[in-house]
Amino acid sequence: MNIPRLVIFDFDGTLGDTRRNIVMTLQQTMQAAHLPVIDEARCAATIGLTLKDSFKTLFPHLTDEEAEACAATYRRIFEVNKKKMVPQLFPHVAETLAELCRQRVVVSIASSRNSTSLRGFLQDMAIEQYVSFVVGADDVARPKPDPEPVLKTLAAMNIPADETLVVGDMPVDILMGRNAGTRTCGVTYGNASRQQLEEAGADFVIDDMEELISMAQDWDGTIDE
C-alpha cells in the first residue's frame, strides 16, 4: 500500500487559521473573569487542549467549576469575535482535501473544539463535503493526547491504525496518534515549532499542506518500532 486509507486532521492551526481569534478570546475571557492577562505565546501554547484544560494550564489554582465557567464565557465571546475576524483556511488546505477525496482517502477531523463550533467552521469554510467523520471535544470522555478521538474514528470508519495518518500542528496531536498506533505528520505553520513536533515523535513534518499528497504517496504504511 502506498497511501493511507484514512487521514485524521486536527482543525485549529492545521486546517483553520484561528490563532488570533483564540488568543484574543482567551485574553478577553481573562479580563472578564478578573484574571491576569497572559501573553500571546503562553496562550497559543494551550491551543489543542480543551477549553477547561487550557484555563487550568494557564491558571493552575482554578477549580474545575471555575475553569468550566471560564470556558463558558470564552464560548460566548468567541461567537462574537469570529464575526468580526472571520478565520480562514490555511493555504492549499481545500485543494489537498479535495485531492485526498479524489484518491478515495477517507478524511476526518479530531479536534479539541466542541463539535457544534467545529461543524459550523467546516460549513462556513466550504470544506464539509470532504469530511466523512468529525470528533469534537464533547464527543469523547478523554481528549488529546489520549487516543480516544482516534480510536473512535477508526472504529466508525472500520479502518485499522496502520492504514491511518494523523495530521496536526501541536505535540498533543502527534501524541494522540502515536498513542493510537497510527503514523503522524506535524505541520510547522500552526502553533508549534518543527523541533516540538519532532520531539513529540512525528513521523513526518511538513511546512505547507500541499506537501501532504507527495508525502502520503511515499508512505509505505509501516510503523517503525
# chains A, B, ... in the order shown; residues from 1 in each chain; ligands from 1
call {"tool": "residues_around", "arguments": {"residues": "Pro171 in chain A", "least_positions_apart": "4", "cutoff": "8 Å", "atoms": "only C-alpha atoms", "output": "PyMOL selection string"}}
result
chain A and resi 175+192+196-197+200
call {"tool": "residues_around", "arguments": {"residues": "Phe11 in chain A", "least_positions_apart": "2", "cutoff": "12 Å", "atoms": "only C-alpha atoms", "output": "VMD selection string"}}
result
chain A and resid 8 to 9 13 to 19 47 to 49 87 to 90 93 108 to 115 117 to 119 121 to 122 125 127 131 134 to 137 166 to 170 173 187 190 to 191
call {"tool": "write_last_selection", "arguments": {"atoms": "N, CA and C atoms", "output": "compact mmCIF listing (two decimals), in the first residue's frame"}}
result
# COMPACT_ATOMS: atom_id res chain seq x y z
N ILE A 8 -6.68 11.63 9.55
CA ILE A 8 -7.40 12.32 10.62
C ILE A 8 -6.70 13.65 10.88
N PHE A 9 -7.39 14.75 10.63
CA PHE A 9 -6.81 16.08 10.80
C PHE A 9 -7.24 16.71 12.12
N GLY A 13 -5.19 25.51 13.72
CA GLY A 13 -3.75 25.54 13.49
C GLY A 13 -3.28 24.53 12.46
N THR A 14 -4.19 23.69 11.98
CA THR A 14 -3.85 22.70 10.96
C THR A 14 -4.64 22.94 9.68
N LEU A 15 -5.95 23.05 9.81
CA LEU A 15 -6.80 23.40 8.66
C LEU A 15 -7.20 24.87 8.71
N GLY A 16 -7.66 25.32 9.89
CA GLY A 16 -8.14 26.69 10.03
C GLY A 16 -7.16 27.57 10.79
N ASP A 17 -6.95 28.78 10.28
CA ASP A 17 -6.05 29.74 10.92
C ASP A 17 -6.84 30.53 11.95
N THR A 18 -6.94 29.99 13.15
CA THR A 18 -7.77 30.57 14.20
C THR A 18 -6.97 31.13 15.37
N ARG A 19 -5.65 31.18 15.24
CA ARG A 19 -4.80 31.58 16.38
C ARG A 19 -5.20 32.95 16.92
N ILE A 47 -3.30 25.91 22.72
CA ILE A 47 -4.18 25.53 21.62
C ILE A 47 -4.03 24.03 21.37
N GLY A 48 -5.13 23.35 21.23
CA GLY A 48 -5.12 21.89 21.10
C GLY A 48 -5.67 21.21 22.33
N LEU A 49 -5.65 21.94 23.47
CA LEU A 49 -6.27 21.42 24.68
C LEU A 49 -7.75 21.80 24.69
N PRO A 87 -12.15 33.61 10.56
CA PRO A 87 -10.99 32.75 10.31
C PRO A 87 -11.00 32.19 8.89
N GLN A 88 -9.81 31.97 8.36
CA GLN A 88 -9.66 31.44 7.01
C GLN A 88 -8.91 30.11 7.04
N LEU A 89 -9.07 29.36 5.96
CA LEU A 89 -8.27 28.15 5.80
C LEU A 89 -6.82 28.53 5.54
N PHE A 90 -5.90 27.69 5.97
CA PHE A 90 -4.51 27.87 5.60
C PHE A 90 -4.36 27.59 4.10
N VAL A 93 -5.20 24.07 1.78
CA VAL A 93 -5.98 23.10 2.55
C VAL A 93 -7.13 22.53 1.72
N SER A 108 -11.15 12.75 7.94
CA SER A 108 -11.92 13.02 9.16
C SER A 108 -11.19 14.06 9.99
N ILE A 109 -11.86 14.53 11.05
CA ILE A 109 -11.29 15.55 11.93
C ILE A 109 -11.46 15.11 13.38
N ALA A 110 -10.40 15.29 14.16
CA ALA A 110 -10.44 15.08 15.61
C ALA A 110 -9.93 16.37 16.25
N SER A 111 -10.82 17.07 16.93
CA SER A 111 -10.49 18.41 17.43
C SER A 111 -10.83 18.55 18.90
N SER A 112 -10.13 19.46 19.57
CA SER A 112 -10.48 19.81 20.95
C SER A 112 -11.56 20.88 20.99
N ARG A 113 -11.98 21.36 19.84
CA ARG A 113 -13.11 22.29 19.74
C ARG A 113 -14.40 21.49 19.87
N ASN A 114 -15.46 22.09 20.42
CA ASN A 114 -16.71 21.35 20.53
C ASN A 114 -17.29 21.12 19.13
N SER A 115 -18.05 20.07 19.00
CA SER A 115 -18.48 19.63 17.68
C SER A 115 -19.39 20.62 16.96
N SER A 117 -19.33 23.98 17.17
CA SER A 117 -18.46 25.02 16.63
C SER A 117 -17.67 24.50 15.45
N LEU A 118 -17.16 23.29 15.57
CA LEU A 118 -16.35 22.70 14.51
C LEU A 118 -17.15 22.54 13.23
N ARG A 119 -18.34 21.99 13.33
CA ARG A 119 -19.16 21.79 12.14
C ARG A 119 -19.56 23.13 11.51
N PHE A 121 -17.67 25.82 11.45
CA PHE A 121 -16.50 26.25 10.69
C PHE A 121 -16.37 25.49 9.38
N LEU A 122 -16.59 24.19 9.41
CA LEU A 122 -16.48 23.40 8.19
C LEU A 122 -17.47 23.87 7.14
N MET A 125 -16.39 27.45 5.91
CA MET A 125 -15.18 27.41 5.09
C MET A 125 -15.34 26.54 3.84
N ILE A 127 -15.73 23.29 3.36
CA ILE A 127 -14.96 22.05 3.23
C ILE A 127 -15.69 20.85 3.83
N VAL A 131 -15.28 15.96 4.40
CA VAL A 131 -15.06 15.36 5.72
C VAL A 131 -16.12 14.30 6.01
N VAL A 134 -16.46 13.47 12.13
CA VAL A 134 -15.97 14.55 12.99
C VAL A 134 -16.05 14.10 14.45
N VAL A 135 -14.97 14.31 15.18
CA VAL A 135 -14.95 14.07 16.62
C VAL A 135 -14.55 15.37 17.30
N GLY A 136 -15.46 15.91 18.11
CA GLY A 136 -15.17 17.12 18.87
C GLY A 136 -14.89 16.77 20.32
N ALA A 137 -14.51 17.79 21.08
CA ALA A 137 -14.17 17.56 22.49
C ALA A 137 -15.35 16.99 23.27
N VAL A 166 -2.38 10.62 11.21
CA VAL A 166 -2.91 11.75 11.98
C VAL A 166 -2.07 12.98 11.67
N VAL A 167 -2.73 14.10 11.35
CA VAL A 167 -2.05 15.33 10.96
C VAL A 167 -2.44 16.45 11.92
N GLY A 168 -1.45 17.11 12.52
CA GLY A 168 -1.76 18.20 13.45
C GLY A 168 -0.59 19.14 13.63
N ASP A 169 -0.87 20.24 14.31
CA ASP A 169 0.17 21.28 14.49
C ASP A 169 0.75 21.32 15.89
N MET A 170 0.23 20.51 16.80
CA MET A 170 0.67 20.55 18.19
C MET A 170 1.16 19.19 18.67
N ASP A 173 -1.42 16.50 19.28
CA ASP A 173 -1.94 15.78 18.11
C ASP A 173 -1.05 14.59 17.77
N VAL A 187 2.56 19.79 11.18
CA VAL A 187 2.65 20.95 10.27
C VAL A 187 3.28 22.11 11.03
N GLY A 190 1.49 26.12 12.04
CA GLY A 190 0.47 26.34 13.06
C GLY A 190 1.03 26.96 14.32
N ASN A 191 0.90 26.26 15.44
CA ASN A 191 1.22 26.86 16.74
C ASN A 191 2.37 26.20 17.48
call {"tool": "select_by_dssp", "arguments": {"residues": "chain A", "states": "helix (DSSP H, G or I)", "output": "number ranges by chain"}}
result
A: 19-32, 40-44, 51-58, 64-84, 93-102, 115-124, 128-130, 137-139, 148-157, 161-163, 171-180, 194-199, 211-217
call {"tool": "select_by_dssp", "arguments": {"residues": "range 20-179 of chain A", "states": "strand (DSSP E)", "output": "count of residues only"}}
result
15
call {"tool": "residues_around", "arguments": {"residues": "Glu40 in chain A", "least_positions_apart": "6", "cutoff": "9 Å", "atoms": "only C-alpha atoms", "output": "mmCIF file with C-alpha atoms, in the first residue's frame"}}
result
data_model
loop_
_atom_site.group_PDB
_atom_site.id
_atom_site.type_symbol
_atom_site.label_atom_id
_atom_site.label_comp_id
_atom_site.auth_asym_id
_atom_site.auth_seq_id
_atom_site.Cartn_x
_atom_site.Cartn_y
_atom_site.Cartn_z
ATOM 1 C CA ARG A 20 -5.662 35.300 16.510
ATOM 2 C CA VAL A 23 -5.700 34.192 21.753
ATOM 3 C CA MET A 24 -7.823 37.331 21.735
ATOM 4 C CA GLN A 27 -7.367 37.246 26.899
#
call {"tool": "closest_residue", "arguments": {"among": "A:Val105, A:Ile22, A:Cys43, A:Ala94", "to": "Val80 in chain A", "atoms": "only C-alpha atoms"}}
result
A:Ile22
call {"tool": "closest_residue", "arguments": {"among": "A:Leu58, A:Ile38, A:Leu100, A:Met176", "to": "Ala202 in chain A", "atoms": "only C-alpha atoms"}}
result
A:Met176
call {"tool": "closest_atom_pairs", "arguments": {"of": "range 28-138 of chain A", "to": "range 210-220 of chain A", "cutoff": "9 Å", "atoms": "only C-alpha atoms", "output": "JSON lines"}}
result
{"residue": "A:Pro91", "atom": "CA", "partner": "A:Glu210", "partner_atom": "CA", "distance": 8.2}
{"residue": "A:His92", "atom": "CA", "partner": "A:Glu210", "partner_atom": "CA", "distance": 5.6}
{"residue": "A:Val93", "atom": "CA", "partner": "A:Glu210", "partner_atom": "CA", "distance": 7.2}
{"residue": "A:Glu95", "atom": "CA", "partner": "A:Glu210", "partner_atom": "CA", "distance": 7.8}
{"residue": "A:Thr96", "atom": "CA", "partner": "A:Glu210", "partner_atom": "CA", "distance": 5.9}
{"residue": "A:Glu99", "atom": "CA", "partner": "A:Ile213", "partner_atom": "CA", "distance": 7.8}
{"residue": "A:Leu100", "atom": "CA", "partner": "A:Ile213", "partner_atom": "CA", "distance": 7.4}
call {"tool": "write_last_selection", "arguments": {"atoms": "all heavy atoms", "output": "compact mmCIF listing (two decimals), in the first residue's frame"}}
result
# COMPACT_ATOMS: atom_id res chain seq x y z
N PRO A 91 -3.29 28.10 3.49
CA PRO A 91 -3.08 27.85 2.05
C PRO A 91 -3.07 26.37 1.71
O PRO A 91 -2.52 25.55 2.45
CB PRO A 91 -1.70 28.49 1.80
CG PRO A 91 -1.58 29.57 2.82
CD PRO A 91 -2.27 29.02 4.05
N HIS A 92 -3.70 26.06 0.57
CA HIS A 92 -3.70 24.73 -0.03
C HIS A 92 -4.47 23.67 0.75
O HIS A 92 -4.41 22.49 0.40
CB HIS A 92 -2.27 24.24 -0.27
CG HIS A 92 -1.43 25.23 -1.04
ND1 HIS A 92 -0.25 25.74 -0.56
CD2 HIS A 92 -1.65 25.83 -2.23
CE1 HIS A 92 0.25 26.61 -1.42
NE2 HIS A 92 -0.57 26.68 -2.45
N VAL A 93 -5.20 24.07 1.78
CA VAL A 93 -5.98 23.10 2.55
C VAL A 93 -7.13 22.53 1.72
O VAL A 93 -7.29 21.30 1.61
CB VAL A 93 -6.51 23.71 3.86
CG1 VAL A 93 -7.61 22.84 4.47
CG2 VAL A 93 -5.37 23.88 4.86
N GLU A 95 -7.60 22.44 -1.49
CA GLU A 95 -7.12 21.66 -2.62
C GLU A 95 -6.61 20.29 -2.18
O GLU A 95 -6.83 19.28 -2.86
CB GLU A 95 -6.00 22.42 -3.34
CG GLU A 95 -6.42 23.77 -3.91
CD GLU A 95 -6.17 24.93 -2.96
OE1 GLU A 95 -6.24 24.71 -1.72
OE2 GLU A 95 -5.93 26.05 -3.44
N THR A 96 -5.93 20.25 -1.05
CA THR A 96 -5.39 18.99 -0.55
C THR A 96 -6.51 18.05 -0.12
O THR A 96 -6.48 16.84 -0.42
CB THR A 96 -4.44 19.24 0.62
OG1 THR A 96 -3.34 20.05 0.17
CG2 THR A 96 -3.90 17.93 1.18
N GLU A 99 -8.09 16.61 -3.19
CA GLU A 99 -7.25 15.60 -3.84
C GLU A 99 -7.26 14.29 -3.05
O GLU A 99 -7.30 13.20 -3.65
CB GLU A 99 -5.83 16.13 -3.98
CG GLU A 99 -4.84 15.15 -4.60
CD GLU A 99 -5.21 14.71 -6.01
OE1 GLU A 99 -6.03 15.41 -6.68
OE2 GLU A 99 -4.70 13.65 -6.45
N LEU A 100 -7.23 14.37 -1.74
CA LEU A 100 -7.32 13.14 -0.94
C LEU A 100 -8.62 12.40 -1.24
O LEU A 100 -8.62 11.18 -1.42
CB LEU A 100 -7.23 13.49 0.55
CG LEU A 100 -5.86 13.90 1.08
CD1 LEU A 100 -5.98 14.40 2.51
CD2 LEU A 100 -4.86 12.73 1.00
call {"tool": "closest_residue", "arguments": {"among": "A:Glu79, A:Cys70, A:Lys52, A:Leu6", "to": "Asn21 in chain A", "atoms": "only C-alpha atoms"}}
result
A:Glu79
call {"tool": "closest_residue", "arguments": {"among": "A:Ile77, A:Leu154, A:Leu97, A:Ala45", "to": "Met209 in chain A", "atoms": "only C-alpha atoms"}}
result
A:Leu97
